[in-house]
Amino acid sequence: MDLELAGRVAIVTGGSRGIGKAIAQELASEGVDVAICARDRKALDETAKALTKATGRRIVPIVADTTSWKSVQDLAEATLAELGHIDILVNNASTPGGMVRGALAEADDDVLLEDINTKVVGYMRCAKAAVPHMRRGWGRIINIGGLSGRRSGNISGLRNAAIVHLTKTLADQLGPQGITVNLVHPGATRTERTDAETERRAATNAIRRIVDAREIAQVVTFLASTKAANITGVAIDASGGSIPVMFQ
Ligand SMILES: NC(=O)c1ccc[n+]([C@@H]2O[C@H](COP(=O)([O-])OP(=O)(O)OC[C@H]3O[C@@H](n4cnc5c(N)ncnc54)[C@H](OP(=O)(O)O)[C@@H]3O)[C@@H](O)[C@H]2O)c1
């Protein structure tokens with residue numbers, strides 16, 4: 001199936017490593033030029049160099065912090081200056097698992113607000129900056145969530161429930177402009193940071209193995225394609241199947 005992505009331009013936030021890096025690589029392998037952003041310049045530059053070599057596409061490293069509106073505006077402007085337009089936004093930058101993981105008595109409200117600022121308001125900021133440049137009656141926004149959007153657990157997990165709501169609300173607002181907005185929930189996912197114990201624990205899903213970051217990237221790339229024009233406002237569990245949850 002031709003995903004008809006050649007010549008498109010994407011921004012992938014948190015593209016210097018992990019799932020974001022895999023998404024940038026997968027999009028580029030389908031002919032997309034990609035601006036990747038993160039806060040650390042060195043990792044970003046190294047990833048851009050490696051992905052350019054691997055895919056032959058333009059991978060532009062842009063230092064940005066998604067907790068700052070000014071920084072996010074600069075990211076959009078720099079992408080336009082380097083790559084000409086914006087078709088696809090992948091909101092991915094955050095601290096996986098969040099930072100408020102303990103009991104209520106130990107929960108720090110400033111730390112929780114920082115988590116929400118990065119993942120919830122950060123995703124909204126990036127959409128707000130990118131959408132005015134999706135001018136060709138076509139656009140794609142894919143938000144990366146996490147299964148805490150569907151289960152109780154760490155207090156920071158509320159971020160992922162909030163972005164489900166953000167996804168559907170933006171899908172309803174932006175559909176008339178040809179822009180779809182969807183969300184992909186990874187479960188425990190193999191990235192360069194994954195240790196053997198995490199791999200073992202992850203193998204309790206339906207497919208009995210950990211999902212690789214590339215497999216998350218493939219789902220995202222399909223949603224970014226013209227072939228997914230009729231899918232919007234949905235949240236997809238790409239974790240390999242949570243037992244015994246239905247209606248995922
Ligand atoms: N890995 C998993 O098993 C898993 C499971 C469920 C959900 N997820 C979700 O998947 C996404 C990616 O996770 P990951 O495991 O790939 O994370 P990761 O390896 O820690 O990578 C996070 C990326 O985000 C960037 N980042 C963080 N805060 C940022 C900010 N304020 N502004 C700009 N960039 C920022 C980081 O670079 P800098 O630090 O240099 O800024 C890095 O590039 C996250 O939304 C996470 O919650 C992951």
# chains A, B, ... in the order shown; residues from 1 in each chain; ligands from 1

$ residues_near_ligand --ligand "ligand 1" --cutoff "8 Å" --atoms "only C-alpha atoms and all ligand atoms" --output "PyMOL selection string"
chain A and resi 13-21+37-41+43-44+63-67+91-98+118-119+122+144-147+185-194+213

$ residues_around --residues "Ile243 (chain A)" --least-positions-apart "4" --cutoff "9 Å" --atoms "only C-alpha atoms" --output "PyMOL selection string"
chain A and resi 204-206

$ select_by_dssp --residues "region 172-216 of chain A" --states "alpha helix (DSSP H)" --output "PDB file with N, CA and C atoms, in the first residue's frame"
ATOM      1  N   ASP A 172     -12.714  17.293  16.489  1.00  0.00           N
ATOM      2  CA  ASP A 172     -14.008  17.891  16.152  1.00  0.00           C
ATOM      3  C   ASP A 172     -13.827  19.312  15.608  1.00  0.00           C
ATOM      4  N   GLN A 173     -12.892  20.052  16.210  1.00  0.00           N
ATOM      5  CA  GLN A 173     -12.668  21.442  15.753  1.00  0.00           C
ATOM      6  C   GLN A 173     -12.011  21.501  14.373  1.00  0.00           C
ATOM      7  N   LEU A 174     -11.050  20.596  14.118  1.00  0.00           N
ATOM      8  CA  LEU A 174     -10.178  20.743  12.942  1.00  0.00           C
ATOM      9  C   LEU A 174     -10.597  19.880  11.752  1.00  0.00           C
ATOM     10  N   ALA A 196      16.258  -5.687  30.792  1.00  0.00           N
ATOM     11  CA  ALA A 196      15.715  -7.046  30.663  1.00  0.00           C
ATOM     12  C   ALA A 196      14.482  -7.249  31.543  1.00  0.00           C
ATOM     13  N   GLU A 197      14.464  -6.641  32.717  1.00  0.00           N
ATOM     14  CA  GLU A 197      13.330  -6.803  33.631  1.00  0.00           C
ATOM     15  C   GLU A 197      12.064  -6.178  33.023  1.00  0.00           C
ATOM     16  N   THR A 198      12.212  -5.018  32.398  1.00  0.00           N
ATOM     17  CA  THR A 198      11.057  -4.372  31.736  1.00  0.00           C
ATOM     18  C   THR A 198      10.554  -5.256  30.590  1.00  0.00           C
ATOM     19  N   GLU A 199      11.467  -5.830  29.838  1.00  0.00           N
ATOM     20  CA  GLU A 199      11.082  -6.732  28.727  1.00  0.00           C
ATOM     21  C   GLU A 199      10.269  -7.910  29.272  1.00  0.00           C
ATOM     22  N   ARG A 200      10.726  -8.463  30.405  1.00  0.00           N
ATOM     23  CA  ARG A 200      10.061  -9.633  30.982  1.00  0.00           C
ATOM     24  C   ARG A 200       8.651  -9.265  31.458  1.00  0.00           C
ATOM     25  N   ARG A 201       8.536  -8.136  32.170  1.00  0.00           N
ATOM     26  CA  ARG A 201       7.227  -7.722  32.696  1.00  0.00           C
ATOM     27  C   ARG A 201       6.256  -7.374  31.568  1.00  0.00           C
ATOM     28  N   ALA A 202       6.798  -6.824  30.488  1.00  0.00           N
ATOM     29  CA  ALA A 202       5.935  -6.420  29.363  1.00  0.00           C
ATOM     30  C   ALA A 202       5.325  -7.629  28.661  1.00  0.00           C
ATOM     31  N   ALA A 213       9.679   0.050  19.656  1.00  0.00           N
ATOM     32  CA  ALA A 213       9.342   1.436  19.285  1.00  0.00           C
ATOM     33  C   ALA A 213       8.992   1.544  17.804  1.00  0.00           C
ATOM     34  N   ARG A 214       9.627   0.723  16.979  1.00  0.00           N
ATOM     35  CA  ARG A 214       9.341   0.787  15.536  1.00  0.00           C
ATOM     36  C   ARG A 214       7.889   0.403  15.226  1.00  0.00           C
ATOM     37  N   GLU A 215       7.347  -0.508  16.046  1.00  0.00           N
ATOM     38  CA  GLU A 215       5.953  -0.918  15.809  1.00  0.00           C
ATOM     39  C   GLU A 215       4.979   0.205  16.178  1.00  0.00           C
ATOM     40  N   ILE A 216       5.324   0.984  17.191  1.00  0.00           N
ATOM     41  CA  ILE A 216       4.506   2.173  17.501  1.00  0.00           C
ATOM     42  C   ILE A 216       4.619   3.150  16.329  1.00  0.00           C
TER      43      ILE A 216
END

$ residues_around --residues "Thr232 (chain A)" --least-positions-apart "4" --cutoff "7 Å" --atoms "only C-alpha atoms" --output "list in words"
Ala171, Thr180, Val181 and Asn182 of chain A

$ residues_around --residues "Ala81 (chain A)" --least-positions-apart "6" --cutoff "12 Å" --atoms "only C-alpha atoms" --output "ChimeraX atom specification"
/A:9,35,60,62,74-75,133

$ select_by_dssp --residues "region 40-181 of chain A" --states "strand (DSSP E or B)" --output "PyMOL selection string"
chain A and resi 59-63+88-91+139-144+179-181

$ atom_distance --atom1 "CA of Pro61 (chain A)" --atom2 "CA of Ile36 (chain A)"
5.1 Å

$ residues_around --residues "Val234 (chain A)" --least-positions-apart "3" --cutoff "12 Å" --atoms "only C-alpha atoms" --output "ChimeraX atom specification"
/A:141-145,163-172,180-185,223,228,230-231,237,248

$ atom_distance --atom1 "CA of Ile59 (chain A)" --atom2 "CA of Asp33 (chain A)"
6.0 Å

$ atom_distance --atom1 "CA of Ala78 (chain A)" --atom2 "CA of Arg57 (chain A)"
17.2 Å

$ residues_around --residues "Ala224 (chain A)" --least-positions-apart "2" --cutoff "6 Å" --atoms "only C-alpha atoms" --output "ChimeraX atom specification"
/A:140,221-222
